[in-house]
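Read the structure below first, then the notes.
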Amino acid sequence: GSYKMTAFSDERMAKLYERFILEYYRQHHPYLTEVKAAQVKWDLVGEHNAAMLRFLPAMQTDIFLRFHEKILILDAKYYSRTLQQRFNKETLHSANLYQIYTYVKNQDTSHTGNVSGLLVYAKTQEAITPDCLFNLGGNQIGARTLDLNQDFRQITAQLDGIAQQFFGKPPQRIGTGSNYPDG
């Protein structure tokens with residue numbers, strides 16, 4: 001009729017997906033000591049002049065979660081295809097895996113293993129959905145698929161499960177008996 005719907009590009013949908021996850025953790029996990037999109041500094045050894053450093057790209061995380069000494073870096077991925085196919089084998093996108101690995105290793109400068117990284121793909125129509133976690137050089141790095149085509153309670157259960165897997169059971173809020181803000 002007389003109304004026009006705004007079309008969202010994949011780029012805008014990807015940004016909306018990333019922002020949804022960030023804001024979900026900010027609103028529903030108040031026990032986290034940090035919830036933000038943060039830059040990770042390069043773990044450089046030795047002296048470097050500013051002229052050289054300008055060639056290094058910024059490492060901007062989508063979602064950076066901290067609970068005391070534990071850190072979880074989430075990279076939200078919204079693609080039409082979750083997996084890449086090479087040599088008749090479906091795998092995680094190489095660039096995505098290298099990116100999250102680089103973020104984690106440069107953040108864990110003390111090599112404690114307290115920094116983890118997770119690629120969070122929006123579920124597509126593909127039959128295979130990644131749900132994997134690896135110990136790479138002492139850090140947990142993996143991928144998870146978030147199914148947005150279901151009841152919101154199930155979506156929140158998936159996001160809550162990610163936080164619980166990496167940070168443990170959240171502390172109870174004083175006076176409510178609930179882990180999360182009212183509403």
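In the structure tokens, each chain is lettered A, B, ... as it comes, each chain's residues begin at 1, and ligands are numbered from 1 in order of appearance.
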Considering only C-alpha atoms, give me a table of residues in range 75-167 of chain A that are at most 12 Å from range 44-54 of chain A, with the closest atom pair and distance in Å for each, as a tab-separated table.
```
residue	atom	partner	partner_atom	distance
A:Lys105	CA	A:Leu44	CA	11.5
A:Asn106	CA	A:Leu44	CA	8.6
A:Gln107	CA	A:Leu44	CA	11.2
A:Thr109	CA	A:Leu44	CA	9.5
```
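Those residues that approach Val120 in chain A to within 10 Å, counting only C-alpha atoms, are Tyr17, Glu18, Ile21, Leu74, Asp75, Ala76, Lys77, Tyr78, Thr82, Pro130, Asp131, Gly142, Ala143, Arg144, Thr145, Leu146, Leu159 and Ile162 of chain A; same-chain residues fewer than 6 positions away are not listed.
With only C-alpha atoms as the basis for measurement, A:Leu65 is the residue among A:Ala14, A:Ile141, A:Leu65, A:Met59 that approaches Arg26 in chain A most closely.
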Taking the chain letters and numbering used in this document, name the residues of range 53-88 of chain A that DSSP puts in strand (DSSP E or B), as a PyMOL selection string. chain A and resi 59-60+63-67+70-77+84-86
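Nearest-residue note for Phe166 in chain A: choosing from A:Leu56, A:Val40, A:Ala95, A:Leu133, the minimum distance belongs to A:Leu133, counting only C-alpha atoms.
Taking only C-alpha atoms into account, Leu32 in chain A lies nearest to A:Gln164 out of the set A:Thr112, A:Gln150, A:Thr91, A:Gln164.
Non-sequential neighbours of Val104 in chain A (distance at most 8 Å, separation of 5 or more positions within a chain, only C-alpha atoms) are Ile73, Val115, Ser116, Gly117 and Asn139 of chain A.
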Written file, previous selection with N, CA and C atoms, as a PDB file, in the first residue's frame:
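Contents of part-v5.pdb, freshly written:
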```pdb
ATOM      1  N   ILE A  73      36.151 -12.784  24.684  1.00  0.00           N
ATOM      2  CA  ILE A  73      36.009 -11.917  23.525  1.00  0.00           C
ATOM      3  C   ILE A  73      35.085 -12.624  22.542  1.00  0.00           C
ATOM      4  N   VAL A 115      41.949 -15.777  29.117  1.00  0.00           N
ATOM      5  CA  VAL A 115      41.295 -15.088  28.015  1.00  0.00           C
ATOM      6  C   VAL A 115      40.812 -16.139  27.019  1.00  0.00           C
ATOM      7  N   SER A 116      39.531 -16.046  26.661  1.00  0.00           N
ATOM      8  CA  SER A 116      38.928 -16.971  25.694  1.00  0.00           C
ATOM      9  C   SER A 116      38.299 -16.172  24.572  1.00  0.00           C
ATOM     10  N   GLY A 117      38.079 -16.839  23.457  1.00  0.00           N
ATOM     11  CA  GLY A 117      37.451 -16.178  22.322  1.00  0.00           C
ATOM     12  C   GLY A 117      36.418 -17.085  21.678  1.00  0.00           C
ATOM     13  N   ASN A 139      44.595 -21.277  25.562  1.00  0.00           N
ATOM     14  CA  ASN A 139      43.386 -20.453  25.566  1.00  0.00           C
ATOM     15  C   ASN A 139      42.243 -21.194  24.877  1.00  0.00           C
TER      16      ASN A 139
END
```
Members of range 48-81 of chain A assigned helix (DSSP H, G or I) by DSSP, as a list in words: Ala50, Ala51, Met52 and Leu53 of chain A
Computed interatomic separation between CA of Ala157 in chain A and CA of His29 in chain A (Å): 12.4 Å
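The spacing separating CA of Lys41 in chain A from CA of Gln158 in chain A amounts to 29.7 Å.
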In Å, how far is it from CA of Ala58 in chain A to CA of Gln39 in chain A? 7.1 Å
In terms of the shortest atom-to-atom distance over only C-alpha atoms, which of A:Gln165, A:Asn96, A:Asn135, A:Thr156 is closest to His28 in chain A? A:Thr156
Let me make sure I understand: among A:Glu34, A:Glu126, A:Asp160, A:Asp147, which one has the smallest atom-to-atom distance to Ser80 in chain A if we use only C-alpha atoms? A:Glu126
